[in-house]
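Novice: My file is final_35.txt. It has compact mmCIF, C-alpha atoms:
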# COMPACT_ATOMS: atom_id res chain seq x y z
CA MET A 1 22.36 37.32 -23.56
CA PHE A 2 21.06 37.77 -27.06
CA ARG A 3 22.30 34.25 -28.05
CA ARG A 4 20.56 32.67 -25.03
CA SER A 5 17.26 34.38 -25.74
CA LEU A 6 17.59 33.25 -29.39
CA SER A 7 18.09 29.56 -28.37
CA VAL A 8 15.10 29.79 -25.98
CA CYS A 9 12.98 31.29 -28.79
CA CYS A 10 14.03 28.52 -31.18
CA ARG A 11 13.05 25.86 -28.61
CA GLN A 12 9.62 27.48 -28.13
CA ILE A 13 9.08 27.65 -31.89
CA GLY A 14 10.15 24.00 -32.18
CA LYS A 15 7.66 22.93 -29.48
CA THR A 16 4.73 24.76 -31.11
CA PHE A 17 5.72 23.30 -34.50
CA LEU A 18 5.96 19.75 -33.14
CA SER A 19 2.57 20.00 -31.40
CA THR A 20 0.89 20.51 -34.81
CA LEU A 21 2.43 17.27 -36.15
CA PRO A 22 1.08 13.77 -35.24
CA GLU A 23 2.39 12.18 -32.04
CA ASP A 24 4.58 9.47 -33.53
CA VAL A 25 6.92 11.69 -35.54
CA GLY A 26 9.99 10.93 -33.46
CA LEU A 27 9.26 7.16 -33.21
CA PRO A 28 11.12 4.58 -35.33
CA SER A 29 9.13 3.11 -38.20
CA ASN A 30 8.41 -0.25 -36.56
CA LEU A 31 6.65 1.38 -33.60
CA LYS A 32 4.36 3.64 -35.62
CA LEU A 33 0.71 2.50 -35.45
CA PRO A 34 -1.34 2.63 -38.69
CA PRO A 35 -3.96 5.42 -38.54
CA ASN A 36 -6.90 3.14 -39.49
CA LEU A 37 -6.30 0.67 -36.62
CA ILE A 38 -9.43 -0.41 -34.76
CA SER A 39 -8.07 -1.43 -31.38
CA THR A 40 -10.52 -3.12 -29.08
CA ALA A 41 -9.30 -3.07 -25.50
CA LYS A 42 -9.44 -6.49 -23.88
CA ARG A 43 -12.68 -6.67 -21.88
CA GLU A 44 -12.08 -7.66 -18.29
CA ARG A 45 -13.45 -11.00 -17.18
CA PRO A 46 -15.30 -11.18 -13.85
CA SER A 47 -13.18 -12.51 -11.00
CA PRO A 48 -13.79 -16.21 -10.32
CA VAL A 49 -13.83 -15.73 -6.53
CA GLY A 50 -17.29 -14.22 -6.02
CA SER A 51 -19.26 -16.39 -8.48
CA GLY A 52 -21.37 -19.29 -7.25
CA LEU A 53 -20.02 -21.90 -9.70
CA PRO A 54 -18.83 -25.18 -8.18
CA VAL A 55 -15.15 -25.90 -7.60
CA LEU A 56 -14.45 -28.83 -9.90
CA ARG A 57 -10.82 -29.47 -8.99
CA LYS A 58 -9.14 -29.07 -5.61
CA CYS A 59 -5.41 -29.11 -4.91
CA GLU A 60 -4.13 -32.55 -4.01
CA ILE A 61 -1.01 -31.23 -2.29
CA GLU A 62 -1.34 -29.46 1.06
CA ILE A 63 -1.42 -25.68 0.99
CA PRO A 64 0.44 -23.82 3.81
CA PRO A 65 -2.07 -22.44 6.41
CA GLN A 66 -1.25 -18.77 5.83
CA LEU A 67 -2.02 -18.96 2.09
CA SER A 68 -5.25 -19.74 0.28
CA ALA A 69 -5.76 -21.49 -3.03
CA LYS A 70 -5.98 -19.39 -6.18
CA GLN A 71 -9.22 -19.84 -8.10
CA ALA A 72 -9.46 -19.79 -11.87
CA TRP A 73 -12.19 -20.42 -14.43
CA LEU A 74 -12.46 -23.88 -15.94
CA GLU A 75 -13.27 -23.43 -19.63
CA SER A 76 -13.88 -25.73 -22.54
CA LEU A 77 -12.89 -25.47 -26.20
CA LYS A 78 -16.42 -26.48 -27.21
CA ASP A 79 -18.89 -25.03 -24.67
CA ASP A 80 -19.00 -22.22 -22.14
CA THR A 81 -17.39 -21.96 -18.72
CA LEU A 82 -17.77 -25.20 -16.79
CA GLY A 83 -16.88 -24.07 -13.29
CA LEU A 84 -13.95 -23.17 -11.07
CA VAL A 85 -10.58 -24.74 -10.46
CA GLU A 86 -8.37 -24.31 -7.40
CA LEU A 87 -4.66 -23.76 -8.05
CA HIS A 88 -1.81 -24.14 -5.56
CA PRO A 89 -0.48 -20.70 -4.46
CA ASP A 90 3.15 -21.88 -4.30
CA VAL A 91 3.04 -22.54 -8.05
CA PHE A 92 0.51 -20.04 -9.37
CA ALA A 93 0.81 -17.13 -6.89
CA VAL A 94 4.55 -16.75 -6.47
CA PRO A 95 5.99 -13.17 -6.17
CA PRO A 96 6.82 -11.82 -9.67
CA ARG A 97 10.61 -12.20 -9.90
CA LEU A 98 11.36 -10.56 -13.24
CA ASP A 99 15.10 -10.97 -12.71
CA ILE A 100 14.68 -14.75 -12.55
CA LEU A 101 12.56 -14.71 -15.73
CA HIS A 102 15.32 -12.75 -17.45
CA GLU A 103 18.01 -15.15 -16.23
CA VAL A 104 16.10 -18.22 -17.39
CA ILE A 105 15.28 -16.76 -20.81
CA VAL A 106 18.90 -15.68 -21.41
CA TRP A 107 20.01 -19.17 -20.37
CA GLN A 108 17.49 -20.83 -22.71
CA ARG A 109 18.73 -18.77 -25.63
CA ASN A 110 22.43 -19.21 -24.96
CA PHE A 111 23.06 -22.65 -23.51
CA LYS A 112 22.31 -24.37 -26.82
CA ARG A 113 24.40 -21.91 -28.79
CA ILE A 114 27.50 -23.10 -30.58
CA SER A 115 29.02 -20.39 -32.74
CA HIS A 116 30.94 -21.87 -35.65
CA ALA A 117 32.79 -18.66 -36.53
CA LYS A 118 36.45 -19.44 -37.18
CA VAL A 119 39.16 -17.41 -38.96
CA LYS A 120 42.67 -18.31 -39.89
CA THR A 121 45.61 -17.07 -37.86
CA ARG A 122 48.92 -16.14 -39.43
CA ALA A 123 50.02 -19.76 -38.96
CA GLU A 124 47.06 -21.19 -40.87
CA VAL A 125 46.97 -18.80 -43.83
CA ARG A 126 48.58 -20.32 -46.89
CA GLY A 127 52.15 -19.16 -47.42
CA GLY A 128 54.16 -16.70 -45.42
CA GLY A 129 57.04 -18.91 -44.30
CA ARG A 130 59.81 -16.91 -45.87
CA LYS A 131 61.11 -13.51 -44.88
CA PRO A 132 59.94 -11.24 -47.79
CA TRP A 133 63.08 -9.09 -47.93
CA GLN A 134 66.26 -8.77 -45.91
CA GLN A 135 66.14 -7.14 -42.51
CA LYS A 136 68.42 -4.22 -43.28
CA GLY A 137 69.36 -2.23 -46.36
CA SER A 138 66.19 -2.38 -48.52
CA GLY A 139 64.75 0.84 -47.11
CA ARG A 140 61.35 -0.80 -46.47
CA ALA A 141 59.84 -1.70 -43.06
CA ARG A 142 61.11 -4.89 -41.50
CA HIS A 143 58.80 -7.91 -41.89
CA GLY A 144 59.10 -11.58 -41.14
CA SER A 145 56.25 -13.03 -43.18
CA ILE A 146 53.71 -11.86 -45.75
CA ARG A 147 50.83 -13.32 -43.69
CA SER A 148 51.29 -11.38 -40.45
CA PRO A 149 48.13 -9.54 -39.25
CA LEU A 150 49.60 -6.22 -40.40
CA TRP A 151 49.54 -7.33 -44.04
CA ARG A 152 46.65 -7.36 -46.45
CA GLY A 153 45.64 -11.02 -46.88
CA GLY A 154 47.32 -11.90 -43.64
CA GLY A 155 45.91 -13.84 -40.72
CA ILE A 156 43.61 -12.36 -38.08
CA ALA A 157 45.28 -11.77 -34.73
CA HIS A 158 42.47 -12.21 -32.15
CA GLY A 159 39.57 -13.48 -34.19
CA PRO A 160 36.94 -16.09 -33.32
CA ARG A 161 38.63 -19.46 -32.97
CA GLY A 162 36.74 -22.54 -33.82
CA PRO A 163 33.35 -23.69 -32.62
CA THR A 164 32.82 -22.05 -29.22
CA SER A 165 30.18 -23.37 -26.89
CA TYR A 166 28.15 -21.07 -24.66
CA TYR A 167 26.85 -23.94 -22.57
CA TYR A 168 26.17 -23.38 -18.88
CA MET A 169 23.50 -24.70 -16.54
CA LEU A 170 21.50 -22.63 -14.12
CA PRO A 171 20.79 -24.35 -10.80
CA MET A 172 17.78 -26.65 -10.96
CA LYS A 173 15.90 -24.64 -8.34
CA VAL A 174 16.35 -21.40 -10.33
CA ARG A 175 14.87 -23.02 -13.42
CA VAL A 176 11.98 -24.40 -11.39
CA LEU A 177 11.35 -20.99 -9.84
CA GLY A 178 11.41 -19.49 -13.34
CA LEU A 179 8.57 -21.79 -14.40
CA LYS A 180 6.59 -20.94 -11.25
CA VAL A 181 7.10 -17.18 -11.78
CA ALA A 182 6.07 -17.45 -15.45
CA LEU A 183 2.87 -19.35 -14.56
CA SER A 184 2.06 -16.89 -11.75
CA THR A 185 2.56 -13.82 -13.95
CA LYS A 186 0.48 -15.32 -16.75
CA LEU A 187 -2.33 -16.04 -14.30
CA ALA A 188 -2.09 -12.59 -12.71
CA GLN A 189 -2.26 -10.88 -16.12
CA ASP A 190 -5.29 -13.00 -17.16
CA TYR A 191 -3.36 -14.74 -19.95
CA LEU A 192 -3.64 -18.23 -18.42
CA HIS A 193 -6.74 -20.36 -19.05
CA ILE A 194 -7.52 -23.83 -17.72
CA ILE A 195 -9.44 -26.17 -20.03
CA ASP A 196 -10.86 -29.61 -19.33
CA SER A 197 -9.79 -31.41 -22.51
CA LEU A 198 -8.52 -30.74 -26.02
CA GLU A 199 -11.57 -31.99 -27.94
CA ILE A 200 -12.90 -29.78 -30.71
CA PRO A 201 -15.80 -30.56 -33.06
CA THR A 202 -13.99 -29.99 -36.40
CA PRO A 203 -10.39 -30.37 -37.64
CA GLU A 204 -10.66 -26.93 -39.25
CA PRO A 205 -7.94 -24.42 -38.24
CA GLN A 206 -10.46 -21.58 -38.72
CA TYR A 207 -12.44 -22.90 -35.72
CA LEU A 208 -9.54 -22.27 -33.38
CA LEU A 209 -8.78 -18.87 -34.90
CA ASP A 210 -12.42 -17.78 -34.49
CA LEU A 211 -12.47 -19.14 -30.94
CA ALA A 212 -9.31 -17.20 -30.08
CA LYS A 213 -10.79 -14.02 -31.57
CA GLN A 214 -14.13 -14.43 -29.82
CA ARG A 215 -12.60 -15.13 -26.41
CA GLN A 216 -9.96 -12.42 -26.92
CA TRP A 217 -6.98 -14.68 -26.31
CA GLY A 218 -4.63 -12.49 -28.31
CA GLU A 219 -2.36 -13.19 -31.27
CA SER A 220 -0.70 -16.44 -30.18
CA VAL A 221 -1.91 -19.36 -28.07
CA LEU A 222 0.10 -22.15 -26.46
CA ILE A 223 -1.95 -25.26 -25.67
CA VAL A 224 -0.38 -27.62 -23.13
CA ASP A 225 -1.53 -31.18 -22.39
CA VAL A 226 0.12 -34.02 -20.48
CA HIS A 227 0.90 -36.54 -23.22
CA GLU A 228 1.75 -36.26 -26.88
CA ASP A 229 -1.26 -38.31 -28.00
CA MET A 230 -3.86 -35.56 -28.34
CA PRO A 231 -7.20 -35.84 -30.17
CA GLU A 232 -6.82 -35.97 -33.95
CA ASN A 233 -9.02 -32.94 -34.58
CA ILE A 234 -6.80 -30.56 -32.70
CA LEU A 235 -3.62 -32.08 -34.16
CA LYS A 236 -4.93 -31.50 -37.68
CA ALA A 237 -6.23 -28.03 -36.86
CA THR A 238 -2.93 -26.79 -35.42
CA ALA A 239 -0.68 -28.61 -37.92
CA ASN A 240 -0.45 -25.68 -40.34
CA LEU A 241 -1.12 -22.86 -37.88
CA LYS A 242 1.87 -20.81 -36.85
CA THR A 243 0.37 -18.84 -33.98
CA ILE A 244 -1.49 -21.66 -32.19
CA ASN A 245 0.85 -24.39 -30.96
CA LEU A 246 0.47 -27.64 -29.05
CA MET A 247 2.98 -28.82 -26.47
CA PRO A 248 3.30 -31.70 -23.99
CA VAL A 249 3.77 -30.53 -20.40
CA ILE A 250 7.36 -31.82 -20.23
CA GLY A 251 8.24 -29.31 -22.94
CA LEU A 252 6.83 -26.32 -21.03
CA ASN A 253 9.45 -23.59 -20.77
CA VAL A 254 9.61 -19.92 -19.86
CA TYR A 255 10.61 -18.73 -23.35
CA SER A 256 7.60 -20.38 -25.03
CA MET A 257 5.25 -19.14 -22.33
CA LEU A 258 6.37 -15.56 -22.85
CA LYS A 259 6.49 -15.89 -26.64
CA HIS A 260 2.83 -16.89 -26.84
CA GLU A 261 0.30 -14.39 -25.58
CA THR A 262 -2.11 -16.89 -24.00
CA VAL A 263 -1.36 -20.24 -22.39
CA LEU A 264 -4.06 -22.93 -22.14
CA LEU A 265 -3.44 -25.70 -19.62
CA THR A 266 -5.53 -28.85 -19.26
CA VAL A 267 -6.46 -30.00 -15.76
CA ASP A 268 -4.14 -33.03 -16.11
CA ALA A 269 -1.29 -30.71 -17.04
CA VAL A 270 -2.03 -28.60 -13.95
CA ASN A 271 -1.90 -31.73 -11.75
CA PHE A 272 1.41 -32.77 -13.30
CA LEU A 273 2.95 -29.32 -12.93
CA GLU A 274 1.88 -28.91 -9.32
CA LYS A 275 3.26 -32.32 -8.38
CA LYS A 276 6.59 -31.86 -10.12
CA LEU A 277 7.21 -28.22 -9.22
CA LEU A 278 6.22 -28.53 -5.56
CA TRP A 279 8.48 -31.55 -5.04
CA HIS A 280 11.48 -29.23 -5.42
CA ASP A 281 10.39 -27.26 -2.35
CA HIS A 282 11.05 -30.14 0.01
CA ARG A 283 13.48 -32.47 -1.65
CA TYR A 284 16.90 -33.52 -0.47
CA SER A 285 20.04 -32.59 -2.42
CA PRO A 286 20.66 -35.41 -4.88
CA LEU A 287 22.70 -38.24 -3.39
CA TYR A 288 23.06 -39.54 -6.94
CA PRO A 289 21.49 -38.11 -10.11
CA PHE A 290 17.70 -37.99 -10.03
CA ARG A 291 17.47 -40.01 -13.25
CA LEU A 292 18.45 -43.08 -11.16
CA PRO A 293 15.69 -44.69 -9.09
CA TYR A 294 14.59 -43.20 -5.78
CA ASN A 295 11.98 -44.40 -3.33
CA ASP A 296 9.41 -41.65 -3.83
CA PHE A 297 10.42 -39.75 -6.93
CA PRO A 298 7.34 -37.99 -8.37
CA MET B 1 46.81 -93.55 -20.91
CA MET B 2 46.31 -89.86 -20.23
CA SER B 3 43.73 -89.55 -23.00
CA LEU B 4 41.74 -92.53 -21.66
CA HIS B 5 41.64 -90.94 -18.19
CA PHE B 6 40.40 -87.68 -19.70
CA GLN B 7 37.71 -89.49 -21.66
CA ALA B 8 36.53 -91.27 -18.54
CA ASN B 9 36.09 -87.90 -16.74
CA TYR B 10 34.20 -86.42 -19.66
CA CYS B 11 31.81 -89.33 -19.72
CA VAL B 12 30.99 -88.79 -16.02
CA SER B 13 30.05 -85.09 -16.51
CA ALA B 14 27.97 -85.88 -19.62
CA SER B 15 25.76 -88.31 -17.70
CA SER B 16 25.02 -85.77 -14.86
CA SER B 17 24.05 -83.02 -17.38
CA GLN B 18 20.89 -85.00 -18.29
CA THR B 19 19.34 -84.11 -14.92
CA TYR B 20 20.12 -80.33 -15.25
CA PRO B 21 17.72 -78.46 -12.96
CA GLY B 22 17.30 -75.36 -15.19
CA ILE B 23 17.09 -71.68 -14.16
CA THR B 24 14.24 -70.20 -12.08
CA GLU B 25 13.80 -66.40 -11.91
CA SER B 26 12.65 -65.12 -8.54
CA THR B 27 11.82 -61.48 -7.83
CA GLU B 28 11.05 -62.10 -4.16
CA GLU B 29 14.53 -61.11 -3.02
CA TYR B 30 14.17 -57.66 -4.66
CA LYS B 31 12.51 -56.40 -1.47
CA TYR B 32 15.96 -56.39 0.15
CA VAL B 33 17.11 -53.98 -2.58
CA GLU B 34 13.97 -51.84 -2.45
CA ARG B 35 14.29 -51.07 1.24
CA LEU B 36 17.83 -49.76 0.64
CA ILE B 37 16.79 -47.20 -2.00
CA PRO B 38 16.72 -43.79 -0.25
CA PRO B 39 13.77 -41.35 -0.33
CA SER B 40 14.08 -38.19 -2.41
CA SER B 41 11.93 -35.77 -0.34
CA VAL B 42 12.29 -34.62 3.27
CA PRO B 43 9.67 -36.32 5.49
CA THR B 44 7.35 -34.33 7.79
CA PRO B 45 8.65 -34.58 11.36
CA PRO B 46 6.76 -37.05 13.61
CA LYS B 47 4.59 -35.83 16.50
CA HIS B 48 6.53 -35.78 19.75
CA ASP B 49 5.03 -35.87 23.25
CA GLN B 50 6.98 -32.94 24.61
CA TYR B 51 8.29 -29.78 22.97
CA PRO B 52 11.05 -28.68 22.71
CA THR B 53 12.62 -31.97 21.62
CA PRO B 54 16.00 -32.92 23.17
CA SER B 55 17.77 -31.14 20.29
CA GLY B 56 15.81 -27.93 20.96
CA TRP B 57 13.52 -28.19 17.93
CA ARG B 58 9.96 -26.95 18.07
CA PRO B 59 7.35 -27.21 15.32
CA PRO B 60 5.72 -24.05 13.94
CA ALA B 61 2.40 -23.01 15.53
CA ALA B 62 -0.62 -24.82 14.08
CA VAL B 63 -2.37 -21.48 13.57
CA PRO B 64 -0.04 -18.92 11.96
CA PRO B 65 0.33 -15.77 14.15
CA ALA B 66 -1.90 -12.79 13.31
CA LEU B 67 0.91 -10.57 12.06
CA PRO B 68 1.29 -8.73 8.73
CA TYR B 69 4.32 -10.89 7.87
CA MET B 70 5.15 -14.61 7.86
CA VAL B 71 8.47 -16.42 8.12
CA ARG B 72 8.35 -19.91 6.62
CA ARG B 73 10.43 -22.84 7.79
CA SER B 74 13.31 -24.17 5.71
CA ARG B 75 13.01 -27.50 3.89
CA MET B 76 14.53 -29.23 6.93
CA HIS B 77 11.83 -27.61 9.12
CA ASN B 78 14.20 -25.15 10.83
CA VAL B 79 13.90 -21.41 11.46
CA PRO B 80 15.54 -19.59 8.52
CA VAL B 81 18.06 -17.45 10.43
CA TYR B 82 21.64 -17.79 9.21
CA SER B 83 24.95 -16.23 10.19
CA ASP B 84 27.34 -14.89 7.58
CA ILE B 85 30.97 -13.83 7.93
CA THR B 86 33.13 -11.93 5.45
CA HIS B 87 36.69 -10.59 5.64
CA GLY B 88 37.26 -12.92 8.59
CA ASN B 89 35.72 -10.52 11.10
CA ARG B 90 32.51 -9.00 9.66
CA LYS B 91 29.63 -10.93 11.19
CA MET B 92 26.10 -10.63 9.87
CA THR B 93 22.77 -12.35 10.43
CA ILE B 94 20.34 -13.10 7.63
CA VAL B 95 16.62 -13.80 7.98
CA ARG B 96 15.25 -15.46 4.83
CA LYS B 97 11.91 -16.83 3.54
CA ILE B 98 9.87 -13.80 4.61
CA GLU B 99 6.40 -13.26 3.18
CA GLY B 100 4.03 -10.33 3.56
CA ASP B 101 4.96 -6.88 4.92
CA ILE B 102 8.74 -7.04 5.23
CA TRP B 103 9.03 -3.48 6.60
CA ALA B 104 6.78 -4.35 9.56
CA LEU B 105 9.12 -7.25 10.38
CA GLU B 106 12.12 -4.94 10.02
CA LYS B 107 10.55 -2.50 12.50
CA ASP B 108 9.80 -5.31 14.98
CA LEU B 109 13.34 -6.68 14.61
CA LYS B 110 14.80 -3.22 15.19
CA ASP B 111 12.72 -2.73 18.36
CA PHE B 112 13.67 -6.17 19.67
CA LEU B 113 17.39 -5.77 18.96
CA THR B 114 17.60 -2.23 20.42
CA HIS B 115 15.87 -3.60 23.51
CA THR B 116 18.35 -6.49 23.90
CA SER B 117 21.64 -5.00 22.76
CA GLY B 118 21.14 -1.28 23.51
CA THR B 119 22.38 0.03 20.14
CA THR B 120 20.31 -0.04 16.95
CA PRO B 121 22.01 -2.40 14.50
CA LEU B 122 22.20 -1.61 10.80
CA MET B 123 19.73 -3.60 8.73
CA GLN B 124 19.37 -4.12 4.99
CA VAL B 125 15.97 -5.05 3.60
CA ASN B 126 16.14 -6.91 0.29
CA GLU B 127 12.64 -6.69 -1.16
CA VAL B 128 13.45 -8.76 -4.24
CA ASN B 129 14.69 -11.79 -2.28
CA MET B 130 12.43 -11.02 0.73
CA SER B 131 15.30 -11.26 3.22
CA ILE B 132 16.81 -9.02 5.91
CA ARG B 133 20.54 -8.74 6.59
CA ILE B 134 21.55 -7.46 10.04
CA LYS B 135 25.01 -6.25 11.06
CA GLY B 136 26.22 -8.30 14.01
CA SER B 137 25.64 -11.89 15.06
CA PHE B 138 22.20 -12.29 16.62
CA ASP B 139 21.27 -15.69 15.21
CA LYS B 140 20.47 -17.43 18.52
CA ASP B 141 18.43 -14.48 19.83
CA LEU B 142 16.50 -14.13 16.59
CA LYS B 143 15.82 -17.87 16.37
CA SER B 144 14.34 -17.95 19.87
CA TRP B 145 12.40 -14.72 19.21
CA LEU B 146 10.87 -16.13 16.02
CA LEU B 147 10.06 -19.42 17.78
CA GLU B 148 8.27 -17.50 20.55
CA LYS B 149 6.26 -15.64 17.90
CA GLY B 150 5.14 -19.00 16.54
CA PHE B 151 6.88 -19.05 13.18
Rewrite the structure from the file as structure tokens, please.
Specialist:
Amino acid sequence: MFRRSLSVCCRQIGKTFLSTLPEDVGLPSNLKLPPNLISTAKRERPSPVGSGLPVLRKCEIEIPPQLSAKQAWLESLKDDTLGLVELHPDVFAVPPRLDILHEVIVWQRNFKRISHAKVKTRAEVRGGGRKPWQQKGSGRARHGSIRSPLWRGGGIAHGPRGPTSYYYMLPMKVRVLGLKVALSTKLAQDYLHIIDSLEIPTPEPQYLLDLAKQRQWGESVLIVDVHEDMPENILKATANLKTINLMPVIGLNVYSMLKHETVLLTVDAVNFLEKKLLWHDHRYSPLYPFRLPYNDFP
Amino acid sequence: MMSLHFQANYCVSASSSQTYPGITESTEEYKYVERLIPPSSVPTPPKHDQYPTPSGWRPPAAVPPALPYMVRRSRMHNVPVYSDITHGNRKMTIVRKIEGDIWALEKDLKDFLTHTSGTTPLMQVNEVNMSIRIKGSFDKDLKSWLLEKGF
């Protein structure tokens, strides 16, 4: 009884002591925030639905009757907001399947992996062909070779053997759904912006950094256009920047979208994505690989 | 003698090669190849005069029903009700491609199935996949019920 009351007292004393200390005492060092941090909370943008700005881009592909198009702001890298853009709900308003995002990201990290770890077995280690001493009579333990895994300098019994490949492919539809879920979640969390073109007035990287700070895009920006031939100014500006990256739309992937805080899509990229991603919803199973010609391949 | 005969033949072919017609490329016959290449996406079904069609197919209602849930058609334009069987004797029915309030659909399904079969079947609602798994084989009943609703 006395011991229990003592432990309860110690816990109470500990609690009062801990409350005097700062909050992040128990946190690991990489999660502790510096005390002089000026954190500005991201100001919320007004919703594009109620505003009177004109809709500058409508969906080309039919939207199912029970759903309505998602509206987003159409911005520019040079001027202010230009208007509204309508996005297809089956690409940009898909239910947030976090398990599919996890699957696709794990696949992206592992399918390219080839681990080159290799160790020698008792057969490959130099030497060890002869029986070190006779079986009986020497008084020592019985051994057959000096390179058995029991010996110092011997081979490894069940070590990594040779280059191993971790290649596997997720079904095409899962990967497509992963892209749709990533785009939908980015749009829902206000991290997706649609821009009209990639033209900027100067090839200075500082222009893009100031723009990102002013518009509160976050630490890293991924800019996606349809083709690789982008205006020279933006190519020069992003050449030496690590946090702002350019990408053609064929290279869009879930890992990059989640790695960068904001994603900027041009209107052409949105058209391309809608066409390609919605085709998977009503396509046949491949009779022969899709890289061979079909009648109406998008 | 043999060599003379051979030379005579060779001379004949050499004289005809002077009027060689040459090669003409024509891409007009490619249309016979093009019409054999299959399409990659499922076409929208044509408009019939009378529904249901001889196979029993009916299109979804033009205006979606005013319910808190929606059941989409599959890519082949069929109602997404499937039967599953495990262990050789455990029959189940799955309703897939549900959107909206899945619990309202589960309640309606329960009412309908208790009305038809008498006992309340066990149902599993999978909110992540948006599908409902029902113990027992009710695929024909559920298909007709969903078609009546207009899905």
Novice: Within 8 Å of chain B, which residues belong to chain A? Use all atoms listed in the file and report them as a PyMOL selection string.
Specialist: chain A and resi 65-66+97+279+281-284+286+293-297
Novice: Which distance in Å separates CA of Val270 (chain A) and CA of Ile200 (chain A), to one decimal?
Specialist: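 Between CA of Val270 (chain A) and CA of Ile200 (chain A) the gap is 20.0 Å.
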Novice: Have a look at CA of Lys131 (chain A) and CA of Ser145 (chain A) and let me know their distance in Å, one decimal.
Specialist: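 We find that CA of Lys131 (chain A) and CA of Ser145 (chain A) lie 5.2 Å from each other.
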Novice: Write out as a list in words which residues come within 10 Å of region 149-163 of chain A when counting only C-alpha atoms, dropping same-chain ones fewer than 5 positions away.
Specialist: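 Those residues are Arg113, Ile114, Ser115, His116, Ala117, Lys118, Val119, Lys120, Thr121, Arg122, Ala123, Glu124, Val125, Arg126, Gly127, Gly128 and His143 of chain A.
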Novice: Just checking: using all atoms listed in the file, which residue out of A:Trp133, A:Tyr207, A:Phe111, A:Tyr191 ends up closest to Met169 (chain A)?
Specialist: A:Phe111
Novice: Can you tell me how far CA of Pro54 (chain A) sits from CA of Thr185 (chain A), in Å to one decimal?
Specialist: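 Computing the Euclidean distance for CA of Pro54 (chain A) and CA of Thr185 (chain A) yields 24.9 Å.
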Novice: Scan for residues within 12 Å of the point (15.2, -15.8, 6.1) in the coordinates of the file, using only C-alpha atoms, and reply as a VMD selection string.
Specialist: chain B and resid 70 to 74 78 to 83 93 to 99 102 105 to 106 125 to 127 129 to 134 139 142 to 143 146 151
Novice: So which residues touch Thr86 (chain B) within 12 Å, counting only C-alpha atoms, skipping near sequence neighbours fewer than 4 positions away, as a ChimeraX atom specification?
Specialist: /B:90-93,135-136
Novice: Show me, as an MDAnalysis selection string, the residues that have an atom within 10 Å of Glu75 (chain A) when counting only C-alpha atoms, minus same-chain residues fewer than 3 positions from it.
Specialist: chainID A and resid 72 78:85 193:197 264 266
Novice: Would you mind telling me which residue in A:His88, A:Lys112, A:Arg291, A:His102 lies nearest to Leu277 (chain A) when using all atoms listed in the file?
Specialist: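 Looking only at the distances to Leu277 (chain A), the closest residue turns out to be A:His88.
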Novice: Counting all atoms listed in the file, what is within 10 Å of Glu148 (chain B), bar same-chain residues fewer than 6 positions away, as a PyMOL selection string?
Specialist: chain B and resi 58+60-61+142
Novice: Taking into account all atoms listed in the file, which residue in the set A:Ser184, A:Ser138, A:Ser5, A:Asn110 is nearest to Tyr168 (chain A)?
Specialist: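 Closest to Tyr168 (chain A), using all atoms listed in the file: A:Asn110.
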Novice: Work out where the centre of an axis-aligned box around every listed atom of region 132-139 of chain B lies and how long its edges are once 3 Å is added on each side; give both in Å to one decimal as lines of an AutoDock Vina configuration file.
Specialist:
center_x = 21.5
center_y = -11.0
center_z = 11.3
size_x = 15.4
size_y = 15.4
size_z = 16.7
Novice: Skipping near chain neighbours, those fewer than 2 positions away, what residues fall within 6 Å of Pro203 (chain A) using all atoms listed in the file, listed as an NGL selection string?
Specialist: :A and (233 or 236-237)
